[in-house]
Each structure stands twice: as C-alpha cells, then as structure tokens.
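Asker: Data file start11.csv (CSV, C-alpha atoms) is appended below.
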chain,number,residue,atom,x,y,z
A,272,MET,CA,0.0,0.0,0.0
A,273,LYS,CA,1.4,3.4,-1.0
A,274,ASN,CA,0.8,6.5,1.0
A,275,LYS,CA,1.4,10.1,-0.2
A,276,VAL,CA,3.4,12.5,1.9
A,277,VAL,CA,1.7,15.9,1.4
A,278,VAL,CA,2.5,19.5,2.4
A,279,PRO,CA,0.5,20.2,5.6
A,280,ALA,CA,-1.3,23.4,6.5
A,281,LEU,CA,1.4,25.9,7.2
A,282,GLY,CA,-0.5,28.4,9.3
A,283,GLU,CA,-2.4,31.6,8.8
A,284,SER,CA,-1.7,33.3,5.4
A,285,VAL,CA,1.2,30.9,4.5
A,286,VAL,CA,0.4,29.1,1.3
A,287,GLU,CA,3.8,27.9,0.0
A,288,ALA,CA,7.1,26.6,1.2
A,289,ARG,CA,10.5,25.5,0.0
A,290,ILE,CA,12.0,22.0,0.4
A,291,ALA,CA,14.9,22.9,2.7
A,292,HIS,CA,16.3,19.5,3.6
A,293,TRP,CA,15.4,15.8,3.2
A,294,LEU,CA,16.3,14.0,6.4
A,295,LYS,CA,15.4,10.6,4.9
A,296,LYS,CA,16.6,9.1,1.6
A,297,GLU,CA,14.8,7.0,-1.0
A,298,GLY,CA,14.9,3.4,-0.1
A,299,GLU,CA,15.2,4.1,3.6
A,300,LYS,CA,12.8,2.5,6.1
A,301,VAL,CA,10.7,5.0,8.1
A,302,ASN,CA,8.4,4.7,11.1
A,303,THR,CA,5.3,6.7,11.9
A,304,GLY,CA,6.4,10.0,13.5
A,305,ASP,CA,9.9,10.0,11.9
A,306,ILE,CA,10.8,13.5,10.5
A,307,LEU,CA,11.1,13.1,6.8
A,308,VAL,CA,11.7,16.6,5.5
A,309,GLU,CA,12.2,20.2,6.7
A,310,LEU,CA,10.1,22.9,4.9
A,311,GLU,CA,11.2,26.6,4.9
A,312,THR,CA,8.2,29.0,5.0
A,313,GLU,CA,8.2,32.7,5.0
A,314,LYS,CA,7.9,32.7,8.8
A,315,VAL,CA,9.3,29.5,10.3
A,316,ASN,CA,10.6,26.1,9.3
A,317,VAL,CA,8.2,23.2,9.5
A,318,GLU,CA,9.1,19.6,10.0
A,319,VAL,CA,6.9,17.0,8.2
A,320,ALA,CA,6.7,13.6,9.8
A,321,ALA,CA,5.8,10.2,8.4
A,322,GLN,CA,2.1,9.2,8.9
A,323,SER,CA,2.7,5.5,8.4
A,324,ASP,CA,5.4,2.8,8.6
A,325,GLY,CA,7.1,1.7,5.4
A,326,VAL,CA,9.8,2.6,3.0
A,327,LEU,CA,10.4,6.0,1.5
A,328,THR,CA,10.2,4.7,-2.1
A,329,LYS,CA,10.0,8.0,-4.0
A,330,ILE,CA,10.9,11.7,-3.3
A,331,ILE,CA,8.7,13.7,-5.7
A,332,SER,CA,10.0,17.2,-4.8
A,333,ALA,CA,13.7,17.7,-4.5
A,334,GLU,CA,15.5,20.1,-2.2
A,335,ASP,CA,15.1,23.8,-3.1
A,336,THR,CA,11.7,23.2,-4.8
A,337,THR,CA,8.8,25.4,-4.1
A,338,VAL,CA,5.7,23.5,-3.0
A,339,HIS,CA,2.2,24.4,-1.9
A,340,ILE,CA,-0.3,23.1,0.7
A,341,GLY,CA,-1.6,19.7,-0.3
A,342,ASP,CA,1.1,18.9,-2.8
A,343,ALA,CA,2.4,15.4,-2.8
A,344,ILE,CA,6.1,15.5,-2.1
A,345,ALA,CA,7.0,11.8,-1.5
A,346,GLU,CA,5.6,8.3,-1.3
A,347,ILE,CA,5.8,5.7,1.5
A,348,ASP,CA,5.2,2.0,0.6
A,349,ALA,CA,4.2,-0.1,3.5
A,350,SER,CA,4.9,-3.3,1.6
A,351,ALA,CA,8.3,-2.4,0.1
A,352,GLN,CA,11.7,-3.6,1.4
A,353,PRO,CA,14.4,-1.1,2.4
A,354,VAL,CA,17.4,-0.8,0.1
A,355,GLU,CA,20.4,-2.1,2.0
A,356,VAL,CA,23.9,-0.7,1.4
A,357,SER,CA,26.3,-3.6,0.8
A,358,ALA,CA,29.1,-4.1,3.3
A,359,LYS,CA,31.5,-4.2,0.3
A,360,LYS,CA,30.4,-0.7,-0.8
A,361,GLU,CA,30.8,0.6,2.8
A,362,GLN,CA,34.3,-0.9,3.0
A,363,ALA,CA,35.2,0.7,-0.3
A,364,ALA,CA,34.2,4.2,1.0
A,365,PRO,CA,37.2,6.5,1.5
A,366,LYS,CA,38.2,7.1,5.0
A,367,SER,CA,39.6,10.1,6.6
A,368,GLU,CA,40.9,10.3,10.2
A,369,VAL,CA,39.6,13.0,12.4
A,370,PRO,CA,42.1,14.1,15.1
A,371,GLY,CA,41.0,13.1,18.6
A,372,ARG,CA,38.2,10.7,17.4
A,373,THR,CA,38.6,6.9,17.3
A,374,SER,CA,36.3,4.0,16.9
A,375,GLN,CA,36.7,0.4,18.2
A,376,ASN,CA,39.3,-0.3,15.5
A,377,GLY,CA,41.2,3.0,16.2
A,378,VAL,CA,39.9,4.9,13.1
A,379,GLU,CA,36.5,6.6,12.6
A,380,THR,CA,35.5,7.4,9.0
A,381,HIS,CA,34.6,10.9,7.9
A,382,ALA,CA,31.2,9.7,6.9
A,383,THR,CA,30.5,8.3,10.4
A,384,VAL,CA,31.4,11.6,12.0
A,385,GLU,CA,29.3,13.5,9.5
A,386,ALA,CA,26.3,11.4,10.1
A,387,ALA,CA,26.6,11.8,13.9
A,388,SER,CA,26.6,15.6,13.6
A,389,LYS,CA,24.3,16.1,10.6
A,390,ASP,CA,21.3,16.9,12.7
A,391,LYS,CA,23.2,19.5,14.7
A,392,ALA,CA,23.3,22.0,11.9
A,393,THR,CA,20.7,24.3,10.3
A,394,PRO,CA,19.8,23.6,6.7
A,395,LEU,CA,21.5,26.8,5.5
A,396,ALA,CA,24.7,25.8,7.4
A,397,LYS,CA,24.7,22.4,5.7
A,398,ARG,CA,24.2,23.9,2.3
A,399,VAL,CA,27.0,26.5,2.8
A,400,ALA,CA,29.3,23.8,4.1
A,401,GLU,CA,28.6,21.4,1.2
A,402,GLU,CA,29.2,24.2,-1.3
A,403,SER,CA,32.5,24.9,0.3
A,404,GLY,CA,33.6,21.3,0.5
A,405,LEU,CA,33.5,21.2,4.3
A,406,ALA,CA,32.3,18.6,6.8
A,407,ILE,CA,29.9,19.9,9.5
A,408,SER,CA,31.7,17.8,12.0
A,409,GLU,CA,34.8,20.1,11.7
A,410,ILE,CA,32.8,23.1,12.8
A,411,ALA,CA,32.0,24.2,16.3
A,412,GLY,CA,28.4,25.3,16.7
A,413,SER,CA,27.3,28.4,18.6
A,414,GLY,CA,23.5,27.7,18.4
A,415,SER,CA,21.2,26.1,20.9
A,416,GLY,CA,22.6,22.7,22.0
A,417,GLY,CA,25.8,23.3,20.0
A,418,ARG,CA,23.9,23.5,16.7
A,419,VAL,CA,26.0,24.8,13.8
A,420,THR,CA,24.7,28.0,12.1
A,421,ARG,CA,25.5,29.6,8.8
A,422,HIS,CA,27.5,32.2,10.7
A,423,ASP,CA,29.6,29.4,12.3
A,424,VAL,CA,30.4,28.0,8.8
A,425,GLU,CA,31.3,31.3,7.3
A,426,THR,CA,33.5,32.2,10.3
A,427,PHE,CA,35.2,28.8,9.9
A,428,ILE,CA,35.8,29.4,6.2
A,429,THR,CA,37.2,32.9,6.9
A,430,ASN,CA,39.6,31.6,9.5
A,431,ARG,CA,40.6,28.6,7.5
A,432,THR,CA,41.0,30.2,4.1
A,433,THR,CA,43.0,33.4,4.8
A,434,PRO,CA,45.2,33.5,1.7
A,435,SER,CA,48.9,32.9,2.1
A,436,LEU,CA,51.4,35.3,0.6
A,437,SER,CA,53.2,32.3,-0.9
A,438,ALA,CA,50.2,30.9,-2.6
A,439,ALA,CA,50.6,30.5,-6.3
A,440,PRO,CA,48.1,32.2,-8.6
A,441,GLY,CA,45.2,30.0,-9.6
A,442,GLN,CA,45.7,27.5,-6.7
A,443,ASN,CA,42.5,26.2,-5.1
A,444,GLY,CA,44.0,24.5,-2.1
A,445,GLY,CA,44.6,21.3,-3.9
A,446,ASN,CA,41.1,19.9,-3.1
A,447,GLY,CA,39.5,20.4,-6.5
A,448,LYS,CA,37.0,22.8,-5.0
A,449,SER,CA,36.4,26.4,-6.0
A,450,GLN,CA,37.6,29.0,-3.6
A,451,PRO,CA,35.1,30.1,-0.9
A,452,SER,CA,33.8,33.6,-1.1
A,453,SER,CA,36.4,35.0,1.3
A,454,THR,CA,39.2,34.3,-1.2
A,455,ARG,CA,37.4,34.7,-4.5
A,456,GLN,CA,39.0,37.0,-7.1
A,457,ALA,CA,38.1,40.7,-6.8
A,458,GLY,CA,35.3,41.6,-9.2
A,459,SER,CA,33.8,38.2,-9.3
A,460,GLU,CA,30.0,37.7,-8.8
A,461,GLU,CA,27.8,35.1,-7.3
A,462,ARG,CA,24.0,34.6,-7.8
A,463,VAL,CA,22.2,33.0,-4.8
A,464,LYS,CA,18.5,32.3,-4.7
A,465,MET,CA,16.6,34.3,-2.0
A,466,SER,CA,15.2,32.2,0.8
A,467,MET,CA,11.4,32.2,1.4
A,468,ARG,CA,11.9,34.3,4.6
A,469,ARG,CA,14.2,36.8,2.9
A,470,LYS,CA,11.7,37.2,0.0
A,471,THR,CA,8.9,37.8,2.5
A,472,ILE,CA,10.9,40.3,4.5
A,473,ALA,CA,11.6,42.2,1.2
A,474,ARG,CA,8.0,42.1,0.2
A,475,ARG,CA,6.7,43.2,3.6
A,476,MET,CA,9.1,46.1,3.8
A,477,VAL,CA,8.0,47.4,0.4
A,478,GLU,CA,4.3,46.9,1.4
A,479,ALA,CA,4.9,48.8,4.7
A,480,GLN,CA,6.4,51.7,2.8
A,481,GLN,CA,3.5,51.8,0.3
A,482,SER,CA,0.5,51.2,2.6
A,483,ALA,CA,1.3,53.4,5.6
A,484,ALA,CA,2.2,57.1,6.1
A,485,MET,CA,5.3,56.4,8.1
A,486,LEU,CA,7.1,59.1,10.0
A,487,THR,CA,9.8,58.8,12.7
A,488,THR,CA,10.5,60.9,15.7
A,489,PHE,CA,13.6,60.7,17.9
A,490,ASN,CA,14.7,61.4,21.5
A,491,GLU,CA,17.5,60.5,23.7
A,492,ILE,CA,17.4,58.8,27.1
A,493,ASP,CA,19.6,58.9,30.1
A,494,MET,CA,20.2,55.3,31.0
A,495,SER,CA,21.9,56.0,34.3
A,496,ARG,CA,19.0,54.8,36.6
A,497,VAL,CA,18.5,51.6,34.6
A,498,MET,CA,22.2,50.8,34.6
A,499,GLU,CA,22.4,51.4,38.3
A,500,LEU,CA,19.5,49.1,39.0
A,501,ARG,CA,20.9,46.4,36.7
A,502,LYS,CA,24.3,46.6,38.5
A,503,LYS,CA,22.7,46.6,42.0
A,504,TYR,CA,20.5,43.6,41.4
A,505,LYS,CA,22.6,41.7,38.8
A,506,GLU,CA,23.8,38.9,41.1
A,507,HIS,CA,20.5,38.5,43.0
A,508,PHE,CA,18.5,38.4,39.8
A,509,LYS,CA,20.9,35.9,38.2
A,510,GLN,CA,20.9,33.6,41.2
A,511,LYS,CA,17.1,33.6,41.5
A,512,TYR,CA,16.2,33.4,37.8
A,513,GLY,CA,19.3,32.1,36.1
A,514,ILE,CA,19.5,35.0,33.7
A,515,SER,CA,20.8,38.6,33.6
A,516,LEU,CA,18.4,41.5,34.0
A,517,GLY,CA,18.2,42.9,30.5
A,518,ILE,CA,17.6,46.3,29.0
A,519,VAL,CA,14.6,45.4,26.8
A,520,SER,CA,12.4,44.3,29.7
A,521,PHE,CA,12.6,47.9,31.0
A,522,PHE,CA,11.5,49.2,27.7
A,523,VAL,CA,8.7,46.6,27.4
A,524,LYS,CA,7.3,47.9,30.7
A,525,ALA,CA,7.8,51.5,29.8
A,526,VAL,CA,6.1,51.1,26.4
A,527,ILE,CA,3.1,49.4,27.9
A,528,ALA,CA,2.7,52.2,30.5
A,529,ALA,CA,2.9,54.8,27.7
A,530,LEU,CA,0.5,52.8,25.4
A,531,LYS,CA,-2.1,53.0,28.1
A,532,GLU,CA,-1.9,56.8,28.0
A,533,PHE,CA,-1.8,56.9,24.2
A,534,PRO,CA,-4.0,54.0,23.0
A,535,ARG,CA,-3.9,54.9,19.3
A,536,LEU,CA,-0.3,53.6,19.1
A,537,ASN,CA,-1.7,50.2,20.2
A,538,ALA,CA,-4.4,50.2,17.5
A,539,GLU,CA,-4.7,49.4,13.8
A,540,ILE,CA,-6.6,50.7,10.8
A,541,ASP,CA,-9.4,48.4,9.7
A,542,GLY,CA,-11.0,49.8,6.5
A,543,GLU,CA,-12.5,53.2,7.6
A,544,GLU,CA,-12.4,52.3,11.3
A,545,ILE,CA,-9.8,52.4,14.0
A,546,LEU,CA,-9.6,49.1,16.0
A,547,TYR,CA,-8.5,49.9,19.5
A,548,LYS,CA,-6.8,47.0,21.4
A,549,TYR,CA,-6.9,47.0,25.2
A,550,TYR,CA,-4.4,44.1,25.5
A,551,TYR,CA,-0.6,44.4,25.1
A,552,ASP,CA,1.0,41.7,22.9
A,553,ILE,CA,4.5,43.2,22.4
A,554,GLY,CA,6.6,41.9,19.5
A,555,VAL,CA,10.4,41.8,20.1
A,556,ALA,CA,12.6,41.7,17.0
A,557,ILE,CA,15.3,39.0,17.1
A,558,GLY,CA,18.1,38.6,14.6
A,559,SER,CA,18.3,35.3,12.8
A,560,GLU,CA,20.3,33.8,9.9
A,561,GLU,CA,17.6,34.8,7.4
A,562,GLY,CA,16.8,38.2,8.9
A,563,LEU,CA,14.7,39.5,11.7
A,564,VAL,CA,11.9,37.5,13.2
A,565,VAL,CA,9.4,39.1,15.6
A,566,PRO,CA,8.0,36.6,18.3
A,567,VAL,CA,5.3,38.1,20.5
A,568,LEU,CA,5.1,38.4,24.3
A,569,ARG,CA,1.4,37.7,24.9
A,570,ASN,CA,-0.2,39.8,27.6
A,571,ALA,CA,3.1,41.4,28.4
A,572,ASP,CA,1.4,43.8,30.8
A,573,GLN,CA,0.9,40.8,33.1
A,574,MET,CA,4.5,39.6,32.9
A,575,SER,CA,7.3,40.4,35.5
A,576,PHE,CA,10.7,41.6,34.5
A,577,ALA,CA,12.0,38.0,35.0
A,578,ARG,CA,9.3,36.4,32.8
A,579,ILE,CA,10.0,38.9,30.0
A,580,ASP,CA,13.8,38.3,30.1
A,581,LEU,CA,13.3,34.6,30.2
A,582,ALA,CA,10.9,34.7,27.3
A,583,ILE,CA,13.2,36.8,25.2
A,584,LYS,CA,16.1,34.4,25.9
A,585,GLU,CA,14.0,31.4,24.9
A,586,PHE,CA,12.8,33.2,21.7
A,587,ALA,CA,16.5,33.9,20.8
A,588,GLU,CA,17.5,30.3,21.4
A,589,ARG,CA,14.6,28.9,19.5
A,590,SER,CA,15.2,31.3,16.6
A,591,ALA,CA,18.8,30.1,16.4
A,592,ALA,CA,17.6,26.5,16.4
A,593,ARG,CA,14.8,27.4,13.9
A,594,THR,CA,12.1,25.9,16.2
A,595,LEU,CA,9.9,29.0,16.5
A,596,THR,CA,6.3,28.2,15.6
A,597,LEU,CA,3.8,30.3,13.6
A,598,ASP,CA,1.9,30.9,16.8
A,599,ASP,CA,5.0,32.5,18.3
A,600,LEU,CA,5.0,35.1,15.5
A,601,LYS,CA,1.3,35.8,15.0
A,602,GLY,CA,-0.4,39.0,16.0
A,603,GLY,CA,1.3,41.6,18.1
A,604,THR,CA,0.0,45.1,18.9
A,605,PHE,CA,3.3,47.0,19.1
A,606,THR,CA,7.0,46.1,18.3
A,607,ILE,CA,10.4,46.9,19.9
A,608,THR,CA,13.6,46.4,17.9
A,609,ASN,CA,17.0,46.7,19.4
A,610,GLY,CA,19.6,47.7,16.8
A,611,GLY,CA,22.0,48.6,19.7
A,612,VAL,CA,23.1,45.0,20.1
A,613,PHE,CA,24.7,45.3,16.6
A,614,GLY,CA,26.3,48.7,17.4
A,615,SER,CA,23.7,51.0,15.7
A,616,MET,CA,23.7,54.6,17.0
A,617,MET,CA,20.6,55.7,15.1
A,618,SER,CA,18.1,54.2,12.7
A,619,THR,CA,14.5,54.6,11.4
A,620,PRO,CA,12.7,51.3,12.1
A,621,ILE,CA,10.0,50.2,9.6
A,622,LEU,CA,6.5,49.4,10.8
A,623,ASN,CA,5.3,45.8,11.1
A,624,PRO,CA,1.8,46.0,9.6
A,625,PRO,CA,-1.0,46.2,10.6
A,626,GLN,CA,0.7,47.7,13.7
A,627,VAL,CA,1.0,51.5,13.8
A,628,GLY,CA,4.0,51.9,16.0
A,629,ILE,CA,7.5,50.5,16.5
A,630,LEU,CA,10.2,51.6,18.9
A,631,GLY,CA,13.8,51.4,17.9
A,632,LEU,CA,16.5,51.1,20.6
A,633,HIS,CA,20.2,51.9,20.0
A,634,LYS,CA,23.6,51.6,21.4
A,635,ILE,CA,24.2,53.0,24.9
A,636,ALA,CA,27.2,55.3,24.7
A,637,GLU,CA,28.8,57.7,27.2
A,638,ARG,CA,28.3,61.3,26.1
A,639,PRO,CA,28.7,64.7,27.6
A,640,VAL,CA,25.4,66.3,28.6
A,641,VAL,CA,24.4,69.4,30.5
A,642,GLU,CA,22.9,68.8,33.9
A,643,ASN,CA,22.1,71.7,36.3
A,644,GLY,CA,24.5,73.9,34.3
A,645,GLN,CA,27.3,71.4,34.5
A,646,ILE,CA,28.8,69.2,31.8
A,647,VAL,CA,28.7,65.6,32.9
A,648,ILE,CA,29.2,62.2,31.3
A,649,LYS,CA,26.1,60.0,31.1
A,650,PRO,CA,25.3,56.7,29.5
A,651,MET,CA,22.9,57.9,26.7
A,652,MET,CA,20.7,56.1,24.2
A,653,TYR,CA,19.0,57.4,21.1
A,654,VAL,CA,15.5,56.0,20.6
A,655,ALA,CA,13.3,56.3,17.5
A,656,LEU,CA,9.6,55.9,17.2
A,657,THR,CA,8.2,55.2,13.7
A,658,TYR,CA,4.4,55.6,13.6
A,659,ASP,CA,1.6,55.6,11.0
A,660,HIS,CA,0.7,59.3,10.6
A,661,ARG,CA,-2.8,58.3,9.2
A,662,ILE,CA,-4.1,57.7,12.8
A,663,VAL,CA,-1.2,58.9,15.0
A,664,ASP,CA,-0.6,62.7,15.1
A,665,GLY,CA,2.9,64.2,15.5
A,666,ARG,CA,2.1,65.7,18.9
A,667,GLU,CA,0.8,62.3,20.1
A,668,SER,CA,3.9,60.4,18.9
A,669,VAL,CA,6.3,62.9,20.5
A,670,GLN,CA,4.4,62.8,23.8
A,671,PHE,CA,4.4,59.0,23.7
A,672,LEU,CA,8.2,58.9,23.3
A,673,VAL,CA,8.7,61.5,26.0
A,674,LYS,CA,6.6,59.3,28.3
A,675,VAL,CA,8.8,56.3,27.5
A,676,LYS,CA,11.8,58.5,28.3
A,677,GLU,CA,10.4,59.6,31.6
A,678,TYR,CA,9.7,56.0,32.7
A,679,ILE,CA,13.2,54.8,31.7
A,680,GLU,CA,14.9,57.7,33.5
A,681,ASP,CA,12.7,57.1,36.6
A,682,PRO,CA,12.0,53.3,36.6
A,683,ALA,CA,10.3,53.5,40.0
A,684,ALA,CA,7.4,55.4,38.3
A,685,MET,CA,6.5,52.2,36.5
A,686,LEU,CA,5.7,50.6,39.8
A,687,PHE,CA,2.6,52.8,40.1
A,688,GLU,CA,1.3,51.7,36.6
Take the structure from the file and write it as structure tokens.
Answerer:
Amino acid sequence: MKNKVVVPALGESVVEARIAHWLKKEGEKVNTGDILVELETEKVNVEVAAQSDGVLTKIISAEDTTVHIGDAIAEIDASAQPVEVSAKKEQAAPKSEVPGRTSQNGVETHATVEAASKDKATPLAKRVAEESGLAISEIAGSGSGGRVTRHDVETFITNRTTPSLSAAPGQNGGNGKSQPSSTRQAGSEERVKMSMRRKTIARRMVEAQQSAAMLTTFNEIDMSRVMELRKKYKEHFKQKYGISLGIVSFFVKAVIAALKEFPRLNAEIDGEEILYKYYYDIGVAIGSEEGLVVPVLRNADQMSFARIDLAIKEFAERSAARTLTLDDLKGGTFTITNGGVFGSMMSTPILNPPQVGILGLHKIAERPVVENGQIVIKPMMYVALTYDHRIVDGRESVQFLVKVKEYIEDPAAMLFE
C-alpha cells in the first residue's frame, strides 16, 4: 500500500514553502512519526513527519523546490523492502581520520562523523558547508545545543582560508573545490536564490512603505538609573532566575505604560475604522540567519521583568535553532527592535503592519550632557519611534516617546502603573 506525503497546512496566510532539507533518503525505512523533511516557509521552518510505517520509495519534490499546501512531495510504501547498502560498498568508501576521534578499530571514518553531527546544523549551514567542501563535524556550533549555524560555517571558512602570501596564482587549495567567497578573485560575482523568509521580508518592507504614512520621531534617554538598577540587582537576579536583568524588559514595561496613555499607538486601521486594542502583545525583534523574526510576548502587561527576560532568551535560542512556531509570530500590537546590540547609534525602524508603532533602541554610549548647568558624562541612548501618521498625530507620537523616556529615566514610576 502506497501513502502520499503531502505538504500540511502551514499556518495563517502561509500558502507555499521551499523544500529545505530531506532527512530521509529514497529506499530508507521509516516509522510513523519520523521526521522526513524540513520545509522553509516565509515565517518559520516546519518539519513533516511520516504518517505511516514503510519505506520511502519516492521523493517527488527535490530540495530547493517550491511547494504548496496539499502537494504530494513523496511516497511511502508499506509493503516495500528497504534498500540495503552492501558491506563491500561501505568498506570501499574513502576514510579520513579526524584528530581526537577513534572508533573500536582505532579509526573513525569521515562519513561516520558527518552522520553523527548532521542533525546538529541548520539547513543553511549544511548547504554552505557542502558548497565549500566542508564537513559539518569540523565546525563548532554556537547555536542552541551546539547547533552549527550559517555564521559558524562562514566564520570557519574565513579563519581557515585566509590567503597565504606564498600561494601560487590559480591554486585552489589542492582539493579540487572552487575558492570560498572569502578568497574569490576581486570583481567576481555570485548569484544566490533568496530564501522564502528573505523574500517575505523584502515584500513586507515594500508593502509597509507603500501602505502606511510612516514618520519617525527621535529622542535621547539617560540610561543611568536603569544601569544602576541592573548593577545593583545583577547577582541576585541571576541567582534567582538564572538570567541577567536585561535592557529590553525595562522598555517593554515603559512602552506598555505609555500605550495605556496613548491608545492609538496600540491600535490598527481596519478599513475606515480604528480598531483599539486593550491588550498588550508586544513583539520583540530578534536577529536570525535569514533576517529578523518578531516573536510576540502575549499579555506582556501581566509579565514580570524576569518572565520577560526569560521569554526573550527562549525566543532567541529557538530562533537560532529554527524551532519558533507560527503561533509565536502571530499578532502583536506594538513592536520593539534593538539595533543597539549590533552597534547601531541611530536608525529609522519600519512598521510591522498592521501595527501603527515600532520603537527602535540603539547603542548605549557615554556622552557629555548638561545637567544643572554642568557638563557631565552620562550613558545615553537614542531612541526612534516610527508611527503611522494616518491615525497617530505628530504631537501624540512625541508625547508617547517623551513618556517612555520619563519611565526609563525614573523606573520607580513604573511601579505605580
């Protein structure tokens, strides 16, 4: 009996995906629940499991193919026999010793090491490694659980392939592979297909520019009080919750307090009506290999500082491991993005439709400021609020940002909200 493997429902508004990586091969035995393939959608990666026991007799859609909900991408035959790899063929496979690794006979093959570590890498990392002729087992992972990311592979390539002054022109390292991007000849080009997520980010950025009357207002915030609190309670907070007291949690609290005073920044436009939302689902932008993702803190007004920091840490780990779900990313009434972690001093964030407000945080830097007629050095941060001018007035946006500034410069005031 043959059973089709089909693309499942991928979540709200998601209608297509790309075959990122087949985890099983044709001729391989599978059991119900085994993960067969990883699909890359515009929001998250989705794993598709076998719905029956049998043998994966046919892969219909190869890696890098675009598929749609309901498409048959493979066949499982319950009556077929798995294809066995002959012992002779295995013995004939080339072996390569890996320093520090031995098996029972003293040598472990390259293929064995690769198989052991294959699932500890993201699909993009595997692809970049394969294109560069590298084994994932050679690369240390910085992701959750030691998972290898694309950044890890690119860093490994950069460190490994720094050109020698004595290298002869035209050499490719003697391995028959083309030079990685870090050592390619100046003026060369490379064409790489955009991922589903990158295409979606590009499309949504253009749509945001075209569909909203975006305007950005700026202010600067004295971070002294927040920095003092973090320093004072750093050890206690870490011992109790196992995590450092972060910057973003203060801004989440300050933003919610300000949104209660200026509710139109927590609303959206629905046709010719304004939909006011009296709940506070705050999106927190997190950098990933394929661009920013914005998981949502549900009912953030009911969360403590510790719960916010723990949730953000978990989102970051799951983003690195590509295990965020569509539910993690759905909705959101307002967004906070922190370009400061990358060193940004100033930027104009783009709205995340249908939201009408987004707050951009930036690098904290010591700057001279005037206080009581004296020039003093303070840890300062520029902040930027982008808003939809169709329903948010300039005065309202400035007052909102001033209110956020007041709460951050006097965090105790948030206790009364």
Asker: List as an MDAnalysis selection string the residues having at least one atom at most 12 Å from position (9.2, 59.8, 7.9) as given in the file, counting all atoms listed in the file.
Answerer: chainID A and resid 480 483:489 618:622 655:660 665
Asker: Can you tell me how far atom CA of A:Val675 sits from atom CA of A:Leu546, in Å to one decimal?
Answerer: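 Spanning atom CA of A:Val675 to atom CA of A:Leu546 is a straight-line distance of 22.9 Å.
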Asker: Find, counting only C-alpha atoms, the residue in A:Asp552, A:Glu499, A:Glu297, A:Glu642 that gets nearest to A:Phe605.
Answerer: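 Closest to A:Phe605, using only C-alpha atoms: A:Asp552.
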Asker: List the neighbours of stretch 648-653 of chain A out to 6 Å using only C-alpha atoms; skip same-chain residues closer than 5 positions along the sequence, and give me the result as an mmCIF file with C-alpha atoms, in the frame of the given file.
Answerer:
data_model
loop_
_atom_site.group_PDB
_atom_site.id
_atom_site.type_symbol
_atom_site.label_atom_id
_atom_site.label_comp_id
_atom_site.auth_asym_id
_atom_site.auth_seq_id
_atom_site.Cartn_x
_atom_site.Cartn_y
_atom_site.Cartn_z
ATOM 1 C CA ASN A 490 14.700 61.400 21.500
ATOM 2 C CA GLU A 491 17.500 60.500 23.700
ATOM 3 C CA ILE A 492 17.400 58.800 27.100
ATOM 4 C CA ASP A 493 19.600 58.900 30.100
ATOM 5 C CA MET A 494 20.200 55.300 31.000
ATOM 6 C CA SER A 495 21.900 56.000 34.300
ATOM 7 C CA HIS A 633 20.200 51.900 20.000
ATOM 8 C CA ILE A 635 24.200 53.000 24.900
ATOM 9 C CA ALA A 636 27.200 55.300 24.700
ATOM 10 C CA GLU A 637 28.800 57.700 27.200
ATOM 11 C CA ARG A 638 28.300 61.300 26.100
ATOM 12 C CA PRO A 639 28.700 64.700 27.600
#
Asker: Select, from A:Val317, A:Ile472, A:Ile545, A:Ile518, the residue with the minimum atom-to-atom distance to A:Ile679, counting only C-alpha atoms.
Answerer: A:Ile518
Asker: Can you tell me which residues surround stretch 581-587 of chain A at a distance of at most 7 Å, considering only C-alpha atoms, apart from same-chain residues fewer than 4 positions away, and format the answer as an MDAnalysis selection string?
Answerer: chainID A and resid 557 566 577 591
Asker: Of the candidates A:Leu686, A:Val286, A:Val669, A:Leu294, which one gets nearest to A:Ala321 if we count all atoms listed in the file?
Answerer: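 When distances to A:Ala321 are compared using all atoms listed in the file, the smallest one comes from A:Leu294.
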Asker: Please determine the residues with any atom at most 9 Å from (9.7, 31.5, 16.5) (coordinates as given in the file, with all atoms listed in the file counting) and report them as an NGL selection string.
Answerer: :A and (314-315 or 564-567 or 586-587 or 589-590 or 593-600)
Asker: Since we have the selection now, will you write its residues out, keeping C-alpha atoms, as a compact mmCIF listing (two decimals), in the coordinates of the input?
Answerer:
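To be explicit, this is the file written out as out_21.txt:
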# COMPACT_ATOMS: atom_id res chain seq x y z
CA LYS A 314 7.90 32.70 8.80
CA VAL A 315 9.30 29.50 10.30
CA VAL A 564 11.90 37.50 13.20
CA VAL A 565 9.40 39.10 15.60
CA PRO A 566 8.00 36.60 18.30
CA VAL A 567 5.30 38.10 20.50
CA PHE A 586 12.80 33.20 21.70
CA ALA A 587 16.50 33.90 20.80
CA ARG A 589 14.60 28.90 19.50
CA SER A 590 15.20 31.30 16.60
CA ARG A 593 14.80 27.40 13.90
CA THR A 594 12.10 25.90 16.20
CA LEU A 595 9.90 29.00 16.50
CA THR A 596 6.30 28.20 15.60
CA LEU A 597 3.80 30.30 13.60
CA ASP A 598 1.90 30.90 16.80
CA ASP A 599 5.00 32.50 18.30
CA LEU A 600 5.00 35.10 15.50
Asker: Atom CA of A:Phe521 and atom CA of A:Asn643 are how many Å apart?
Answerer: 26.2 Å
Asker: Residues at most 12 Å from A:Lys273, counting only C-alpha atoms, excluding those fewer than 6 positions away in the same chain, as a ChimeraX atom specification?
Answerer: /A:322-329,345-351
Asker: Taking only C-alpha atoms into account, name the residue in A:Val641, A:Ala556, A:Leu536, A:Ile330 that is nearest to A:Thr604.
Answerer: A:Leu536
Asker: Would you please work out which residue, of A:Glu680, A:Glu313, A:Asp342, A:Asp423, is nearest to A:Leu563 when using all atoms listed in the file?
Answerer: A:Glu313
Asker: My list of candidates is A:Ser515, A:Ser459, A:Gln352, A:Thr393. Which is closest to A:Ile579 when distances are computed with all atoms listed in the file?
Answerer: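 Looking only at the distances to A:Ile579, the closest residue turns out to be A:Ser515.
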Asker: Atom CA of A:Ile410 to atom CA of A:Thr337: how many Å, to one decimal?
Answerer: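 A separation of 29.4 Å between them.
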Asker: Near A:Val277, counting all atoms listed in the file, which residues have an atom at most 6 Å away, once you skip same-chain residues fewer than 2 positions from it, shown as an mmCIF file with C-alpha atoms, in the frame of the given file?
Answerer:
data_model
loop_
_atom_site.group_PDB
_atom_site.id
_atom_site.type_symbol
_atom_site.label_atom_id
_atom_site.label_comp_id
_atom_site.auth_asym_id
_atom_site.auth_seq_id
_atom_site.Cartn_x
_atom_site.Cartn_y
_atom_site.Cartn_z
ATOM 1 C CA GLY A 341 -1.600 19.700 -0.300
ATOM 2 C CA ASP A 342 1.100 18.900 -2.800
ATOM 3 C CA ALA A 343 2.400 15.400 -2.800
ATOM 4 C CA ILE A 344 6.100 15.500 -2.100
#
